[in-house]
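Structure file my_file11.cif with mmCIF, C-alpha atoms and all ligand atoms; chains and numbers go by the auth columns:
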```
data_input
loop_
_atom_site.group_PDB
_atom_site.id
_atom_site.type_symbol
_atom_site.label_atom_id
_atom_site.label_comp_id
_atom_site.label_asym_id
_atom_site.label_seq_id
_atom_site.Cartn_x
_atom_site.Cartn_y
_atom_site.Cartn_z
_atom_site.B_iso_or_equiv
_atom_site.auth_seq_id
_atom_site.auth_asym_id
ATOM 1 C CA MET A 1 -24.375 27.546 88.995 0.00 1 A
ATOM 2 C CA PRO A 2 -25.045 27.547 85.224 0.00 2 A
ATOM 3 C CA SER A 3 -22.421 29.424 83.259 0.00 3 A
ATOM 4 C CA ILE A 4 -22.290 31.392 80.045 0.00 4 A
ATOM 5 C CA LEU A 5 -19.325 32.327 77.909 0.00 5 A
ATOM 6 C CA ILE A 6 -19.493 35.315 75.590 0.00 6 A
ATOM 7 C CA THR A 7 -16.600 35.793 73.224 0.00 7 A
ATOM 8 C CA CYS A 8 -15.952 37.071 69.725 0.00 8 A
ATOM 9 C CA TYR A 9 -13.242 37.884 67.285 0.00 9 A
ATOM 10 C CA SER A 10 -13.016 41.647 66.815 0.00 10 A
ATOM 11 C CA ARG A 11 -10.375 43.584 64.921 0.00 11 A
ATOM 12 C CA THR A 12 -11.552 47.153 65.395 0.00 12 A
ATOM 13 C CA GLY A 13 -13.664 46.793 68.542 0.00 13 A
ATOM 14 C CA LYS A 14 -17.270 46.965 67.335 0.00 14 A
ATOM 15 C CA THR A 15 -18.139 43.310 67.818 0.00 15 A
ATOM 16 C CA LYS A 16 -16.338 43.374 71.160 0.00 16 A
ATOM 17 C CA ALA A 17 -18.461 46.336 72.290 0.00 17 A
ATOM 18 C CA LEU A 18 -21.559 44.331 71.429 0.00 18 A
ATOM 19 C CA ALA A 19 -20.169 41.339 73.373 0.00 19 A
ATOM 20 C CA GLU A 20 -19.783 43.533 76.436 0.00 20 A
ATOM 21 C CA ALA A 21 -23.379 44.760 76.122 0.00 21 A
ATOM 22 C CA ILE A 22 -24.612 41.162 75.780 0.00 22 A
ATOM 23 C CA GLY A 23 -22.661 40.405 78.953 0.00 23 A
ATOM 24 C CA ARG A 24 -24.280 43.305 80.812 0.00 24 A
ATOM 25 C CA GLY A 25 -27.712 41.978 79.895 0.00 25 A
ATOM 26 C CA ALA A 26 -26.865 38.378 80.791 0.00 26 A
ATOM 27 C CA LYS A 27 -25.537 39.496 84.183 0.00 27 A
ATOM 28 C CA THR A 28 -28.943 40.915 85.104 0.00 28 A
ATOM 29 C CA VAL A 29 -30.212 37.324 85.401 0.00 29 A
ATOM 30 C CA ASP A 30 -29.678 35.999 88.930 0.00 30 A
ATOM 31 C CA GLY A 31 -28.091 32.610 89.435 0.00 31 A
ATOM 32 C CA VAL A 32 -26.105 32.534 86.183 0.00 32 A
ATOM 33 C CA ASP A 33 -22.351 32.988 86.026 0.00 33 A
ATOM 34 C CA VAL A 34 -21.425 35.126 83.005 0.00 34 A
ATOM 35 C CA GLU A 35 -17.930 35.496 81.562 0.00 35 A
ATOM 36 C CA VAL A 36 -17.089 37.869 78.721 0.00 36 A
ATOM 37 C CA LEU A 37 -13.647 36.741 77.604 0.00 37 A
ATOM 38 C CA SER A 38 -11.176 38.059 75.064 0.00 38 A
ATOM 39 C CA PHE A 39 -10.987 35.876 72.014 0.00 39 A
ATOM 40 C CA ASN A 40 -7.286 35.147 72.522 0.00 40 A
ATOM 41 C CA ARG A 41 -8.044 33.600 75.924 0.00 41 A
ATOM 42 C CA ILE A 42 -10.339 30.940 74.485 0.00 42 A
ATOM 43 C CA SER A 43 -9.653 27.599 72.868 0.00 43 A
ATOM 44 C CA ALA A 44 -12.163 25.013 71.711 0.00 44 A
ATOM 45 C CA SER A 45 -11.507 22.839 74.755 0.00 45 A
ATOM 46 C CA ASP A 46 -12.560 25.723 77.048 0.00 46 A
ATOM 47 C CA LEU A 47 -16.071 25.703 75.561 0.00 47 A
ATOM 48 C CA VAL A 48 -17.004 22.425 77.229 0.00 48 A
ATOM 49 C CA ARG A 49 -16.957 24.141 80.647 0.00 49 A
ATOM 50 C CA TYR A 50 -19.978 26.337 79.882 0.00 50 A
ATOM 51 C CA ASP A 51 -23.716 25.685 79.708 0.00 51 A
ATOM 52 C CA GLY A 52 -24.264 28.573 77.284 0.00 52 A
ATOM 53 C CA ILE A 53 -21.921 29.755 74.541 0.00 53 A
ATOM 54 C CA ILE A 54 -22.473 33.031 72.702 0.00 54 A
ATOM 55 C CA LEU A 55 -20.083 33.510 69.790 0.00 55 A
ATOM 56 C CA GLY A 56 -19.584 36.578 67.637 0.00 56 A
ATOM 57 C CA SER A 57 -17.635 37.752 64.627 0.00 57 A
ATOM 58 C CA PRO A 58 -17.545 40.716 62.298 0.00 58 A
ATOM 59 C CA VAL A 59 -18.920 39.955 58.844 0.00 59 A
ATOM 60 C CA TYR A 60 -16.041 39.271 56.490 0.00 60 A
ATOM 61 C CA PHE A 61 -17.167 38.832 52.895 0.00 61 A
ATOM 62 C CA GLY A 62 -20.587 37.652 53.991 0.00 62 A
ATOM 63 C CA GLY A 63 -19.228 35.061 56.379 0.00 63 A
ATOM 64 C CA VAL A 64 -17.313 35.004 59.638 0.00 64 A
ATOM 65 C CA ALA A 65 -13.700 36.059 60.157 0.00 65 A
ATOM 66 C CA ALA A 66 -11.133 33.303 59.591 0.00 66 A
ATOM 67 C CA GLU A 67 -10.135 33.560 63.257 0.00 67 A
ATOM 68 C CA LEU A 68 -13.623 32.568 64.454 0.00 68 A
ATOM 69 C CA LYS A 69 -13.863 29.877 61.778 0.00 69 A
ATOM 70 C CA GLU A 70 -10.615 28.440 63.092 0.00 70 A
ATOM 71 C CA LEU A 71 -12.098 28.204 66.597 0.00 71 A
ATOM 72 C CA ILE A 72 -15.231 26.577 65.172 0.00 72 A
ATOM 73 C CA ASP A 73 -13.129 24.106 63.185 0.00 73 A
ATOM 74 C CA ASP A 74 -11.162 23.247 66.322 0.00 74 A
ATOM 75 C CA THR A 75 -14.409 22.225 68.044 0.00 75 A
ATOM 76 C CA THR A 76 -14.230 19.038 66.011 0.00 76 A
ATOM 77 C CA PHE A 77 -11.878 17.871 68.794 0.00 77 A
ATOM 78 C CA VAL A 78 -14.646 18.319 71.405 0.00 78 A
ATOM 79 C CA ARG A 79 -17.307 16.710 69.250 0.00 79 A
ATOM 80 C CA GLY A 80 -19.996 15.172 71.462 0.00 80 A
ATOM 81 C CA LYS A 81 -19.135 17.398 74.437 0.00 81 A
ATOM 82 C CA LEU A 82 -21.247 20.367 73.369 0.00 82 A
ATOM 83 C CA VAL A 83 -24.487 18.399 72.991 0.00 83 A
ATOM 84 C CA GLY A 84 -27.406 20.045 74.785 0.00 84 A
ATOM 85 C CA LYS A 85 -25.615 23.300 75.532 0.00 85 A
ATOM 86 C CA VAL A 86 -27.321 26.562 74.663 0.00 86 A
ATOM 87 C CA GLY A 87 -25.793 28.511 71.770 0.00 87 A
ATOM 88 C CA ALA A 88 -26.351 31.917 70.251 0.00 88 A
ATOM 89 C CA ALA A 89 -24.561 34.120 67.735 0.00 89 A
ATOM 90 C CA PHE A 90 -23.943 37.787 67.017 0.00 90 A
ATOM 91 C CA THR A 91 -22.238 39.895 64.408 0.00 91 A
ATOM 92 C CA THR A 92 -21.437 43.411 63.259 0.00 92 A
ATOM 93 C CA ALA A 93 -21.083 44.556 59.670 0.00 93 A
ATOM 94 C CA GLY A 94 -20.031 47.667 57.856 0.00 94 A
ATOM 95 C CA ASP A 95 -23.046 47.767 55.624 0.00 95 A
ATOM 96 C CA ARG A 96 -26.799 47.382 56.124 0.00 96 A
ATOM 97 C CA THR A 97 -26.932 44.599 53.576 0.00 97 A
ATOM 98 C CA GLY A 98 -23.460 43.346 54.395 0.00 98 A
ATOM 99 C CA GLY A 99 -24.173 39.665 55.103 0.00 99 A
ATOM 100 C CA LYS A 100 -25.088 39.711 58.777 0.00 100 A
ATOM 101 C CA GLU A 101 -27.563 36.862 58.518 0.00 101 A
ATOM 102 C CA THR A 102 -25.255 34.613 56.500 0.00 102 A
ATOM 103 C CA ALA A 103 -22.487 35.217 59.050 0.00 103 A
ATOM 104 C CA ILE A 104 -24.801 34.443 61.968 0.00 104 A
ATOM 105 C CA LEU A 105 -26.166 31.361 60.257 0.00 105 A
ATOM 106 C CA SER A 106 -22.696 29.953 59.692 0.00 106 A
ATOM 107 C CA ILE A 107 -22.084 30.115 63.464 0.00 107 A
ATOM 108 C CA VAL A 108 -25.532 28.701 64.219 0.00 108 A
ATOM 109 C CA GLN A 109 -24.971 25.925 61.670 0.00 109 A
ATOM 110 C CA ALA A 110 -21.933 24.673 63.587 0.00 110 A
ATOM 111 C CA MET A 111 -23.896 24.853 66.839 0.00 111 A
ATOM 112 C CA LEU A 112 -26.687 22.765 65.346 0.00 112 A
ATOM 113 C CA ILE A 113 -24.187 20.200 64.089 0.00 113 A
ATOM 114 C CA HIS A 114 -22.922 19.918 67.672 0.00 114 A
ATOM 115 C CA GLY A 115 -26.480 19.246 68.882 0.00 115 A
ATOM 116 C CA MET A 116 -26.684 22.529 70.732 0.00 116 A
ATOM 117 C CA ILE A 117 -29.932 24.317 71.536 0.00 117 A
ATOM 118 C CA VAL A 118 -29.818 27.466 69.442 0.00 118 A
ATOM 119 C CA VAL A 119 -31.457 30.654 70.663 0.00 119 A
ATOM 120 C CA GLY A 120 -32.319 33.516 68.335 0.00 120 A
ATOM 121 C CA ASP A 121 -32.894 37.192 68.951 0.00 121 A
ATOM 122 C CA PRO A 122 -36.615 37.618 69.577 0.00 122 A
ATOM 123 C CA ILE A 123 -38.672 40.687 68.875 0.00 123 A
ATOM 124 C CA ASN A 124 -38.344 43.198 71.687 0.00 124 A
ATOM 125 C CA PRO A 125 -41.876 43.639 73.034 0.00 125 A
ATOM 126 C CA GLU A 126 -40.946 46.865 74.804 0.00 126 A
ATOM 127 C CA THR A 127 -39.612 48.893 71.904 0.00 127 A
ATOM 128 C CA GLU A 128 -41.702 51.477 70.143 0.00 128 A
ATOM 129 C CA ASP A 129 -39.645 51.037 66.982 0.00 129 A
ATOM 130 C CA ALA A 130 -41.617 48.371 65.131 0.00 130 A
ATOM 131 C CA GLU A 131 -39.051 48.093 62.345 0.00 131 A
ATOM 132 C CA HIS A 132 -35.871 47.641 64.381 0.00 132 A
ATOM 133 C CA ASN A 133 -36.876 45.318 67.153 0.00 133 A
ATOM 134 C CA GLY A 134 -34.896 42.098 66.905 0.00 134 A
ATOM 135 C CA GLY A 135 -32.276 40.308 64.863 0.00 135 A
ATOM 136 C CA HIS A 136 -34.120 37.075 64.081 0.00 136 A
ATOM 137 C CA TYR A 137 -31.348 34.452 63.860 0.00 137 A
ATOM 138 C CA GLY A 138 -29.038 36.200 66.287 0.00 138 A
ATOM 139 C CA LEU A 139 -27.960 39.674 67.301 0.00 139 A
ATOM 140 C CA ALA A 140 -26.776 41.912 64.469 0.00 140 A
ATOM 141 C CA ALA A 141 -25.733 45.514 64.043 0.00 141 A
ATOM 142 C CA ASP A 142 -24.148 47.533 61.261 0.00 142 A
ATOM 143 C CA GLY A 143 -22.456 50.868 60.800 0.00 143 A
ATOM 144 C CA LYS A 144 -21.784 52.916 63.895 0.00 144 A
ATOM 145 C CA LEU A 145 -23.263 51.203 66.945 0.00 145 A
ATOM 146 C CA THR A 146 -26.190 53.081 68.482 0.00 146 A
ATOM 147 C CA GLU A 147 -27.849 53.120 71.875 0.00 147 A
ATOM 148 C CA ALA A 148 -30.608 50.976 70.318 0.00 148 A
ATOM 149 C CA ASP A 149 -28.002 48.389 69.283 0.00 149 A
ATOM 150 C CA PHE A 150 -26.624 48.232 72.810 0.00 150 A
ATOM 151 C CA ALA A 151 -30.131 48.007 74.289 0.00 151 A
ATOM 152 C CA GLN A 152 -30.960 45.141 71.927 0.00 152 A
ATOM 153 C CA ALA A 153 -27.665 43.443 72.845 0.00 153 A
ATOM 154 C CA GLU A 154 -28.500 43.661 76.543 0.00 154 A
ATOM 155 C CA LEU A 155 -31.934 42.201 75.908 0.00 155 A
ATOM 156 C CA PHE A 156 -30.390 39.398 73.840 0.00 156 A
ATOM 157 C CA GLY A 157 -27.930 38.585 76.642 0.00 157 A
ATOM 158 C CA LYS A 158 -30.739 38.545 79.172 0.00 158 A
ATOM 159 C CA HIS A 159 -32.843 36.313 76.945 0.00 159 A
ATOM 160 C CA VAL A 160 -30.068 33.762 76.400 0.00 160 A
ATOM 161 C CA ALA A 161 -29.201 33.753 80.117 0.00 161 A
ATOM 162 C CA ASN A 162 -32.832 33.073 81.009 0.00 162 A
ATOM 163 C CA VAL A 163 -32.920 30.163 78.567 0.00 163 A
ATOM 164 C CA VAL A 164 -29.679 28.741 80.015 0.00 164 A
ATOM 165 C CA LYS A 165 -31.170 29.003 83.488 0.00 165 A
ATOM 166 C CA ARG A 166 -34.332 27.194 82.424 0.00 166 A
ATOM 167 C CA VAL A 167 -32.505 24.480 80.452 0.00 167 A
ATOM 168 C CA THR A 168 -30.152 23.713 83.334 0.00 168 A
ATOM 169 C CA ALA A 169 -32.784 23.877 86.103 0.00 169 A
HETATM 170 C C1 LIG B . -11.659 41.564 55.534 0.00 1 B
HETATM 171 C C2 LIG B . -12.932 42.325 55.798 0.00 1 B
HETATM 172 C C3 LIG B . -14.096 41.933 55.165 0.00 1 B
HETATM 173 C C4 LIG B . -15.286 42.599 55.414 0.00 1 B
HETATM 174 N N1 LIG B . -16.415 42.182 54.778 0.00 1 B
HETATM 175 C C5 LIG B . -17.586 42.808 55.018 0.00 1 B
HETATM 176 C C6 LIG B . -18.782 42.374 54.372 0.00 1 B
HETATM 177 O O1 LIG B . -18.816 41.414 53.615 0.00 1 B
HETATM 178 N N2 LIG B . -19.927 43.053 54.636 0.00 1 B
HETATM 179 C C7 LIG B . -19.952 44.138 55.483 0.00 1 B
HETATM 180 O O2 LIG B . -21.012 44.724 55.674 0.00 1 B
HETATM 181 N N3 LIG B . -18.845 44.543 56.136 0.00 1 B
HETATM 182 C C8 LIG B . -17.666 43.904 55.923 0.00 1 B
HETATM 183 N N4 LIG B . -16.532 44.308 56.582 0.00 1 B
HETATM 184 C C9 LIG B . -16.650 45.334 57.627 0.00 1 B
HETATM 185 C C10 LIG B . -16.752 44.720 59.030 0.00 1 B
HETATM 186 O O3 LIG B . -17.682 43.649 59.069 0.00 1 B
HETATM 187 C C11 LIG B . -17.227 45.772 60.045 0.00 1 B
HETATM 188 O O4 LIG B . -16.408 46.898 60.008 0.00 1 B
HETATM 189 C C12 LIG B . -17.269 45.175 61.436 0.00 1 B
HETATM 190 O O5 LIG B . -18.184 45.903 62.223 0.00 1 B
HETATM 191 C C13 LIG B . -15.902 45.209 62.120 0.00 1 B
HETATM 192 O O6 LIG B . -16.008 44.577 63.377 0.00 1 B
HETATM 193 P P1 LIG B . -14.890 44.733 64.488 0.00 1 B
HETATM 194 O O7 LIG B . -14.805 46.204 64.833 0.00 1 B
HETATM 195 O O8 LIG B . -15.368 43.934 65.645 0.00 1 B
HETATM 196 O O9 LIG B . -13.587 44.220 63.923 0.00 1 B
HETATM 197 C C14 LIG B . -15.324 43.677 56.334 0.00 1 B
HETATM 198 C C15 LIG B . -14.143 44.079 56.965 0.00 1 B
HETATM 199 C C16 LIG B . -12.956 43.410 56.709 0.00 1 B
HETATM 200 C C17 LIG B . -11.700 43.849 57.431 0.00 1 B
#
```

What would the structure in this file look like if it were written as structure tokens?
Ligand SMILES: Cc1cc2nc3c(=O)[nH]c(=O)nc-3n(C[C@H](O)[C@H](O)[C@H](O)COP(=O)(O)O)c2cc1C
Amino acid sequence: MPSILITCYSRTGKTKALAEAIGRGAKTVDGVDVEVLSFNRISASDLVRYDGIILGSPVYFGGVAAELKELIDDTTFVRGKLVGKVGAAFTTAGDRTGGKETAILSIVQAMLIHGMIVVGDPINPETEDAEHNGGHYGLAADGKLTEADFAQAELFGKHVANVVKRVTA
């Protein structure tokens, strides 16, 4: 069965809450094994076991937290073993203009370098809110997380899981 790992660094719990919502959404897709794991349980060598890898970090000074960067840097030791896997990224920030896209893009950049198939956060066709309907490069939220953020996270998880299912079929 195709498998997906969702993990993130999170110091105060916001990014982790989003990871759990992504996991809920991914688990709605039949025939895909979804694991939401604590960051301290993951090393770079674990990533090779999964068909889909969804990584998250809070925005720290417009980039990712050093802890996530360390994991990304460690993937140099599994270079070549992540080719063709599906990847996606998510983040939370304190501020609306806090650097969410630059943080997401730095995760996505590493995934592209590994030859992974990167999946973004598409516009939600079901929402009536035309201005807050998708995160473009990945899932992003700022400030206090809202029900809309969690709904978008679930949709994102479902979307990535569907892509993993299709890619591995
Ligand atoms: C060292 C540090 C740097 C931060 N830098 C930014 C930043 O550049 N932009 C921003 O909007 N928020 C910034 N924040 C706020 C966090 O991104 C935000 O609170 C995030 O949601 C925390 O996620 P967590 O609860 O998963 O740890 C920073 C926080 C810390 C501790």

Subject >> Selection dump of the PyMOL selection byres (((not hetatm)) within 10 of (chain B and resi 1)), as a PyMOL selection string >> reply: chain A and resi 8-19+56-66+91-100+102-103+140-145

**OP:** Let me know the residues the PyMOL selection byres (((chain A and resi 77) around 12) and not hetatm) catches in the file above, as a list in words.
**Re:**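 In the shown coordinates, the PyMOL selection byres (((chain A and resi 77) around 12) and not hetatm) covers Ser43, Ala44, Ser45, Asp46, Leu47, Val48, Leu71, Ile72, Asp73, Asp74, Thr75, Thr76, Val78, Arg79, Gly80, Lys81, Leu82 and His114 of chain A.
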
Which residues match the PyMOL selection byres (((chain A and resi 30) around 12) and not hetatm) in the file above, as a short mmCIF file (atom, residue, chain, number, x, y, z; two decimals) with C-alpha atoms, in the frame of the given file?
```cif
data_model
loop_
_atom_site.label_atom_id
_atom_site.label_comp_id
_atom_site.auth_asym_id
_atom_site.auth_seq_id
_atom_site.Cartn_x
_atom_site.Cartn_y
_atom_site.Cartn_z
CA MET A 1 -24.38 27.55 89.00
CA PRO A 2 -25.04 27.55 85.22
CA SER A 3 -22.42 29.42 83.26
CA GLY A 25 -27.71 41.98 79.90
CA ALA A 26 -26.86 38.38 80.79
CA LYS A 27 -25.54 39.50 84.18
CA THR A 28 -28.94 40.92 85.10
CA VAL A 29 -30.21 37.32 85.40
CA GLY A 31 -28.09 32.61 89.44
CA VAL A 32 -26.10 32.53 86.18
CA ASP A 33 -22.35 32.99 86.03
CA VAL A 34 -21.42 35.13 83.00
CA LYS A 158 -30.74 38.54 79.17
CA ALA A 161 -29.20 33.75 80.12
CA ASN A 162 -32.83 33.07 81.01
CA VAL A 164 -29.68 28.74 80.02
CA LYS A 165 -31.17 29.00 83.49
CA ARG A 166 -34.33 27.19 82.42
#
```

Original post:
With only C-alpha atoms as the basis for distance, which of A:Ala151, A:Leu112, A:Phe39, A:Ala169 is at the shortest distance from Glu70 in chain A?
Top reply: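 That would be A:Phe39, the residue with the smallest distance to Glu70 in chain A.
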
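When only C-alpha atoms are used to measure the gap to Glu67 in chain A, the shortest distance among A:Leu5, A:Ile42, A:Ala88, A:Val119 belongs to A:Ile42.
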
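Minimum atom-to-atom distance to Asn124 in chain A, evaluated using all atoms listed in the file, belongs to A:Leu155 out of A:Ala110, A:Leu155, A:Leu105, A:Val163.
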
**OP:** May I have the residues within 8 Å of Ile6 in chain A as a PyMOL selection string, using all atoms listed in the file and disregarding those fewer than 2 positions away in the same chain?
**Re:** chain A and resi 4+8+19+22-23+34-37+53-55

**OP:** Kindly give the distance, in Å, that separates CA of Lys85 in chain A and CA of Arg49 in chain A, rounded to a single decimal.
**Re:** 10.1 Å

Original post:
CA of Gly138 in chain A to CA of Gly120 in chain A: how many Å, to one decimal?
Top reply: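 Spanning CA of Gly138 in chain A to CA of Gly120 in chain A is a straight-line distance of 4.7 Å.
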
Original post:
Given the choices A:Tyr137, A:Phe156, A:Pro122, A:Thr127, which gets closest to Gln109 in chain A if the distance is worked out from only C-alpha atoms?
Top reply: A:Tyr137

Listed atoms of range 36-46 of chain A boxed axis-aligned with 3 Å per side, centre + edges as lines of an AutoDock Vina configuration file:
```
center_x = -12.2
center_y = 30.4
center_z = 75.2
size_x = 15.8
size_y = 21.2
size_z = 13.0
```

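For the pair CA of Leu139 in chain A and CA of Gly84 in chain A, the interatomic distance is 21.0 Å.
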
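Proximity ranking of A:Val86, A:Met116, A:Ile104, A:Ala153 relative to Leu68 in chain A places A:Ile104 first, based on all atoms listed in the file.
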